[in-house]
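Down below is the structure, laid out as structure tokens.
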Amino acid sequence: MTRYVQPVPTPEDPYTGDRLLRSWLRRQLGPDGHAAAQGRLTDLAADVTGPLRAAHADAEAHPPTLVRYDPWGGRVDRVDTSAGWQAQRAAAARHAVAALPYLESARGTWGAATRVVQHALLHLYGPESATFSCPVAMADGAAALLSLPEVDAGVRDAWLPRLTSTDPDTAIVSGQWMTESQGGSDLSRSTTTGRPAADGSWRLTGEKWFCSAVDAPIAVALARPEGAGRGSRVLAPFLVPRYAADSPLAGATAAADAPAPGVTVHRLKDKLGTRALPTAEIGLRDAYALPLGDPAVPGLVRAMTLVVVTRVHNACAAAGGMRRGLAYARAYADARTAAGGRLADNPLHRATLGALAVDAAAAFALAGHAFALLGRVEVGADPDAAAELRVVAPLAKLATGRLAVGSASEYVECFGGAGYVEDTGVPRLLRDAQVLPIWEGTTNVLALDVLRAVTREDAGVPLLRRLAAAVDLARPLSPALADTLAAVTGELTGALADVTADPGAADVVAGSRGLALRLAAALACALLVEHAAWGDEQAEVAARLWARRRLRHEDISGDAHQHLDLLC
């Protein structure tokens, strides 16, 4: 008897096979702008389906290790990473996935929409990057922070070109050392301190508990300047070199890759997922650091420049992972035979995939919109975009993170037993997705941030304005869709008025999570309506089904089955 071997499912090209991505780019960039981006996108997609997919598998199979001592007992704290991880690092530089928004040539071509192109690159690159998308995000955030005018020009000129280089031999990424064991997301409890040195640099002392990309040459760390007092507002961001080569405190005989004096890697984290990404606990003892802005001026606001960037990257990672998981599940359904026919022809399975495709479209729209707003803020200093981004960044991050986990669980189930076997690579979808609602603020932390944005900065106004405009756009497409969106907009208008009237009320705080998720669901619907009104049929179907499922809580199985081939 011949042993049956299931053919390996091969998903479509991640660029040419993603209709929503391509139509989104045509709308956001215009025909000429999209044409100018196609070369970058097709080149990256070819790398993703070839060498980067293999590099991803290698990095996952060979996680990082920490070597604390050399053969003679000297402390080296060397993090060894795989060839696949290094290939991902080189590709990230070569394809400018972090650098693009800072390149004059790119801004000259796309202007504020350079961030739209970057979002597309990340959408292709991230899902099979062995989570190198994380150091990419932190490098982008560090570059944005270094670009602020209040940062010393000498510090900027020394480090920004390295963060934005597209030459793999010179490009670097960054870590982010903020979390401490006693506080976690509560930065007000941070105990790491900074004191000025005679040469204008600073010395940091403290313990950092969750430091990802610990192999990166630099990190942005938060510390409390001496005499700054309590609370989180006074914390200041500092750039900390990780290696002796970049620390003036290192002796002339120190090896370039030795740890910078005062920086100790206690241990690597054994995590549920993102296993290829080296994450560590770090000790700082009078470590050399460069202030990013004046430490005498409360610095948490400056640090939020980095956090906003990493939050929208988190949203992109969630949406991109959802789309890639969907592509694999659809490819498997096309190849797998069950109950006398192709799985892809089974109405129940088609309905399952169709509903997942609707969620993936909504997540993509949220992430794409956040990147578009960020570009308008950075290039045009657009005050309307800045006001909307203040609430969209946390909303997009919290909603996509939760969607990603639910979708990943479904993708594993779509493969049956094979989805539970590690060497298929499918379980990683779920293990890696679980970090997305945690990194850069949990759902509850972000829900409270949305409350602050609405009550202190009136950030609900631009959001409600967008929802109201979408009602008018939806009317010619589907009166039922317009009515649903209008009803939800009225509901949210009242809810935000209640929140603003008494933001500290126990019921308001307790309900902030549900309110934030409802706001995000309405925003996703509005964004899909905008794209549908431009002329995209897939977005129109996704908007109608999303509104029915997520805003009216109806079953969409029949329509999801019928429209699967349009949705994915």
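Ligands are numbered from 1 in the order shown, residues from 1 within each chain, and chains are lettered A, B, ... in the order they appear in the structure tokens.
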
Please run DSSP on the backbone and report, as a PyMOL selection string, all residues within region 95-293 of chain A that come out as helix (DSSP H, G or I). chain A and resi 100-102+104-128+133-146+153-163+187-189+244-246

For region 226-235 of chain A, list every protein, DNA or RNA residue within 8 Å, evaluated using only C-alpha atoms, and leave out those in the same chain fewer than 5 positions away; present the list as a PDB file with N, CA and C atoms, in the first residue's frame.
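around_5.pdb, freshly written:
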ATOM      1  N   LEU A 187       4.969  52.859  33.916  1.00  0.00           N
ATOM      2  CA  LEU A 187       6.295  53.466  33.852  1.00  0.00           C
ATOM      3  C   LEU A 187       6.584  54.367  35.041  1.00  0.00           C
ATOM      4  N   SER A 188       5.546  54.802  35.755  1.00  0.00           N
ATOM      5  CA  SER A 188       5.781  55.690  36.896  1.00  0.00           C
ATOM      6  C   SER A 188       6.607  55.006  37.989  1.00  0.00           C
ATOM      7  N   ARG A 189       6.666  53.673  37.951  1.00  0.00           N
ATOM      8  CA  ARG A 189       7.418  52.944  38.979  1.00  0.00           C
ATOM      9  C   ARG A 189       8.850  52.637  38.536  1.00  0.00           C
ATOM     10  N   SER A 190       9.277  53.195  37.426  1.00  0.00           N
ATOM     11  CA  SER A 190      10.633  52.945  36.940  1.00  0.00           C
ATOM     12  C   SER A 190      11.662  53.461  37.931  1.00  0.00           C
ATOM     13  N   THR A 193      17.995  55.084  36.959  1.00  0.00           N
ATOM     14  CA  THR A 193      18.355  56.495  37.128  1.00  0.00           C
ATOM     15  C   THR A 193      19.456  56.888  36.153  1.00  0.00           C
ATOM     16  N   GLY A 194      19.496  58.166  35.861  1.00  0.00           N
ATOM     17  CA  GLY A 194      20.540  58.722  35.016  1.00  0.00           C
ATOM     18  C   GLY A 194      21.210  59.892  35.693  1.00  0.00           C
ATOM     19  N   ARG A 195      22.537  59.964  35.571  1.00  0.00           N
ATOM     20  CA  ARG A 195      23.258  61.117  36.122  1.00  0.00           C
ATOM     21  C   ARG A 195      24.194  61.667  35.048  1.00  0.00           C
ATOM     22  N   PRO A 295      17.304  66.259  29.209  1.00  0.00           N
ATOM     23  CA  PRO A 295      16.738  65.470  30.308  1.00  0.00           C
ATOM     24  C   PRO A 295      16.065  66.318  31.377  1.00  0.00           C
ATOM     25  N   ALA A 296      16.379  67.616  31.411  1.00  0.00           N
ATOM     26  CA  ALA A 296      15.735  68.488  32.393  1.00  0.00           C
ATOM     27  C   ALA A 296      14.285  68.786  32.022  1.00  0.00           C
ATOM     28  N   VAL A 297      13.928  68.538  30.779  1.00  0.00           N
ATOM     29  CA  VAL A 297      12.555  68.736  30.305  1.00  0.00           C
ATOM     30  C   VAL A 297      11.855  67.378  30.340  1.00  0.00           C
ATOM     31  N   PRO A 298      10.684  67.282  30.987  1.00  0.00           N
ATOM     32  CA  PRO A 298       9.993  65.983  31.041  1.00  0.00           C
ATOM     33  C   PRO A 298       9.984  65.298  29.675  1.00  0.00           C
ATOM     34  N   GLY A 299      10.459  64.047  29.659  1.00  0.00           N
ATOM     35  CA  GLY A 299      10.765  63.416  28.379  1.00  0.00           C
ATOM     36  C   GLY A 299       9.819  62.336  27.914  1.00  0.00           C
ATOM     37  N   LEU A 300       8.782  62.009  28.694  1.00  0.00           N
ATOM     38  CA  LEU A 300       7.897  60.938  28.248  1.00  0.00           C
ATOM     39  C   LEU A 300       7.187  61.308  26.950  1.00  0.00           C
ATOM     40  N   VAL A 301       6.873  62.577  26.784  1.00  0.00           N
ATOM     41  CA  VAL A 301       6.235  63.021  25.540  1.00  0.00           C
ATOM     42  C   VAL A 301       7.151  62.750  24.353  1.00  0.00           C
TER      43      VAL A 301
END

Determine the nearest neighbour of Pro225 (chain A) from the options A:Leu566, A:Ala197, A:Ala532, A:Val379, counting only C-alpha atoms. A:Ala197

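Separating CA of Ala470 (chain A) from CA of Asp536 (chain A) is a distance of 14.9 Å.
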
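If only C-alpha atoms are the atoms counted, then among A:Arg75, A:Arg242, A:His56, A:Arg336 the closest residue to Pro7 (chain A) is A:Arg336.
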
Closest contacts (region 235-337 of chain A/region 119-124 of chain A, max 9 Å, only C-alpha atoms) as a Markdown table:
| residue | atom | partner | partner_atom | distance |
| --- | --- | --- | --- | --- |
| A:His313 | CA | A:Leu122 | CA | 8.2 |
| A:Cys316 | CA | A:His123 | CA | 6.4 |
| A:Ala317 | CA | A:His123 | CA | 7.0 |
| A:Ala319 | CA | A:His123 | CA | 7.5 |
| A:Gly320 | CA | A:His123 | CA | 4.7 |
| A:Gly321 | CA | A:His123 | CA | 8.0 |
| A:Arg323 | CA | A:His123 | CA | 8.6 |
| A:Arg324 | CA | A:Leu124 | CA | 8.6 |

Find the residues near Val358 (chain A): any atom within 8 Å, counting only C-alpha atoms, skip ones fewer than 2 places away on the same chain, and give them as number ranges by chain. A: 354-356, 360-362, 542-543, 545-546, 567

Let me see the file: selected residues, all heavy atoms, as a PDB file, in the first residue's frame.
ATOM      1  N   GLY A 354     -14.083  32.754   4.545  1.00  0.00           N
ATOM      2  CA  GLY A 354     -14.620  34.053   4.162  1.00  0.00           C
ATOM      3  C   GLY A 354     -14.706  35.009   5.331  1.00  0.00           C
ATOM      4  O   GLY A 354     -14.382  36.201   5.221  1.00  0.00           O
ATOM      5  N   ALA A 355     -15.147  34.500   6.494  1.00  0.00           N
ATOM      6  CA  ALA A 355     -15.207  35.353   7.682  1.00  0.00           C
ATOM      7  C   ALA A 355     -13.812  35.790   8.114  1.00  0.00           C
ATOM      8  O   ALA A 355     -13.609  36.951   8.530  1.00  0.00           O
ATOM      9  CB  ALA A 355     -15.906  34.606   8.814  1.00  0.00           C
ATOM     10  N   LEU A 356     -12.834  34.891   8.002  1.00  0.00           N
ATOM     11  CA  LEU A 356     -11.449  35.256   8.319  1.00  0.00           C
ATOM     12  C   LEU A 356     -10.932  36.311   7.348  1.00  0.00           C
ATOM     13  O   LEU A 356     -10.183  37.214   7.741  1.00  0.00           O
ATOM     14  CB  LEU A 356     -10.565  34.009   8.272  1.00  0.00           C
ATOM     15  CG  LEU A 356     -10.765  33.002   9.418  1.00  0.00           C
ATOM     16  CD1 LEU A 356     -10.081  31.684   9.091  1.00  0.00           C
ATOM     17  CD2 LEU A 356     -10.242  33.574  10.728  1.00  0.00           C
ATOM     18  N   ALA A 360      -9.399  39.999   8.135  1.00  0.00           N
ATOM     19  CA  ALA A 360      -8.085  40.400   7.624  1.00  0.00           C
ATOM     20  C   ALA A 360      -8.172  41.715   6.866  1.00  0.00           C
ATOM     21  O   ALA A 360      -7.270  42.568   6.965  1.00  0.00           O
ATOM     22  CB  ALA A 360      -7.518  39.298   6.729  1.00  0.00           C
ATOM     23  N   ALA A 361      -9.247  41.909   6.110  1.00  0.00           N
ATOM     24  CA  ALA A 361      -9.420  43.165   5.373  1.00  0.00           C
ATOM     25  C   ALA A 361      -9.585  44.341   6.330  1.00  0.00           C
ATOM     26  O   ALA A 361      -9.021  45.425   6.120  1.00  0.00           O
ATOM     27  CB  ALA A 361     -10.626  43.055   4.440  1.00  0.00           C
ATOM     28  N   ALA A 362     -10.369  44.135   7.390  1.00  0.00           N
ATOM     29  CA  ALA A 362     -10.570  45.211   8.365  1.00  0.00           C
ATOM     30  C   ALA A 362      -9.271  45.562   9.071  1.00  0.00           C
ATOM     31  O   ALA A 362      -8.953  46.754   9.268  1.00  0.00           O
ATOM     32  CB  ALA A 362     -11.626  44.795   9.386  1.00  0.00           C
ATOM     33  N   ALA A 542     -16.509  43.341   1.952  1.00  0.00           N
ATOM     34  CA  ALA A 542     -15.930  43.248   3.292  1.00  0.00           C
ATOM     35  C   ALA A 542     -16.600  44.225   4.247  1.00  0.00           C
ATOM     36  O   ALA A 542     -16.873  43.884   5.411  1.00  0.00           O
ATOM     37  CB  ALA A 542     -14.429  43.499   3.235  1.00  0.00           C
ATOM     38  N   ALA A 543     -16.880  45.444   3.794  1.00  0.00           N
ATOM     39  CA  ALA A 543     -17.534  46.436   4.653  1.00  0.00           C
ATOM     40  C   ALA A 543     -18.923  45.969   5.064  1.00  0.00           C
ATOM     41  O   ALA A 543     -19.319  46.090   6.239  1.00  0.00           O
ATOM     42  CB  ALA A 543     -17.621  47.776   3.926  1.00  0.00           C
ATOM     43  N   LEU A 545     -20.127  42.862   5.187  1.00  0.00           N
ATOM     44  CA  LEU A 545     -20.069  41.704   6.073  1.00  0.00           C
ATOM     45  C   LEU A 545     -19.480  42.059   7.438  1.00  0.00           C
ATOM     46  O   LEU A 545     -19.907  41.527   8.475  1.00  0.00           O
ATOM     47  CB  LEU A 545     -19.276  40.576   5.409  1.00  0.00           C
ATOM     48  CG  LEU A 545     -19.879  40.010   4.121  1.00  0.00           C
ATOM     49  CD1 LEU A 545     -19.076  38.809   3.634  1.00  0.00           C
ATOM     50  CD2 LEU A 545     -21.338  39.637   4.316  1.00  0.00           C
ATOM     51  N   TRP A 546     -18.476  42.936   7.454  1.00  0.00           N
ATOM     52  CA  TRP A 546     -17.899  43.385   8.729  1.00  0.00           C
ATOM     53  C   TRP A 546     -18.952  44.097   9.571  1.00  0.00           C
ATOM     54  O   TRP A 546     -19.073  43.845  10.787  1.00  0.00           O
ATOM     55  CB  TRP A 546     -16.718  44.307   8.462  1.00  0.00           C
ATOM     56  CG  TRP A 546     -16.132  44.944   9.684  1.00  0.00           C
ATOM     57  CD1 TRP A 546     -16.423  46.171  10.186  1.00  0.00           C
ATOM     58  CD2 TRP A 546     -15.155  44.378  10.580  1.00  0.00           C
ATOM     59  NE1 TRP A 546     -15.685  46.422  11.322  1.00  0.00           N
ATOM     60  CE2 TRP A 546     -14.905  45.334  11.586  1.00  0.00           C
ATOM     61  CE3 TRP A 546     -14.468  43.169  10.609  1.00  0.00           C
ATOM     62  CZ2 TRP A 546     -13.994  45.116  12.615  1.00  0.00           C
ATOM     63  CZ3 TRP A 546     -13.565  42.938  11.645  1.00  0.00           C
ATOM     64  CH2 TRP A 546     -13.331  43.896  12.626  1.00  0.00           C
ATOM     65  N   LEU A 567     -13.112  37.648  -1.752  1.00  0.00           N
ATOM     66  CA  LEU A 567     -12.484  38.125  -0.522  1.00  0.00           C
ATOM     67  C   LEU A 567     -11.042  37.643  -0.372  1.00  0.00           C
ATOM     68  O   LEU A 567     -10.235  38.303   0.272  1.00  0.00           O
ATOM     69  CB  LEU A 567     -13.296  37.669   0.687  1.00  0.00           C
ATOM     70  CG  LEU A 567     -14.660  38.348   0.863  1.00  0.00           C
ATOM     71  CD1 LEU A 567     -15.503  37.596   1.878  1.00  0.00           C
ATOM     72  CD2 LEU A 567     -14.489  39.797   1.291  1.00  0.00           C
TER      73      LEU A 567
END

Could you tell me which of A:Ala112, A:Ile218, A:Leu464, A:Ala59 comes closest to Gly375 (chain A) if we count only C-alpha atoms? A:Ala112

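The closest residue to Ala318 (chain A), picked from A:Gly17, A:Pro437, A:Gly416, A:Gly504 and counting only C-alpha atoms, is A:Pro437.
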
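Checking A:Asp80, A:Asp345, A:Asp169, A:Asp140 one by one against His561 (chain A), counting only C-alpha atoms, you find the shortest gap at A:Asp345.
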
Skipping near chain neighbours, those fewer than 2 positions away, what residues fall within 12 Å of Arg544 (chain A) using only C-alpha atoms, listed as number ranges by chain? A: 355, 358-359, 361-362, 474-475, 477-485, 522, 524-529, 532, 537-542, 546-552, 554, 556, 559-560, 563

Tell me which protein, DNA and RNA residues are within 12 Å of Gly30 (chain A), counting only C-alpha atoms, leaving out same-chain ones fewer than 5 positions away, and put them as a PyMOL selection string. chain A and resi 22-25+35-37+109-110+113+116-117+534

Atomic separation - CA of Leu103 (chain A) relative to CA of Val151 (chain A), Å: 19.2 Å

Tell me, which residues of region 316-528 of chain A carry DSSP strand (DSSP E), written as a PyMOL selection string? chain A and resi 337-338+341-342

Set the distance at 9 Å and use only C-alpha atoms: which residues neighbour His95 (chain A) once local chain neighbours fewer than 4 positions away are removed? I'd like the list as a list in words. Arg40, Leu41, Asp43, Leu44, Ala90, Ala91, Ala99, Leu100, Leu121 and Thr166 of chain A

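If only C-alpha atoms are the atoms counted, then among A:Gly494, A:Pro11, A:Pro51, A:Gly111 the closest residue to Val377 (chain A) is A:Gly111.
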
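Across the structure, CA of Ala55 (chain A) and CA of Tyr332 (chain A) are spaced 22.1 Å apart.
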
May I have the residues within 9 Å of region 280-294 of chain A as a PyMOL selection string, using only C-alpha atoms and disregarding those fewer than 3 positions away in the same chain? chain A and resi 145-146+148-152+155-156+177+192+194-195+200-214+220-221+236-241+247-249+260-269+297-299+302-303
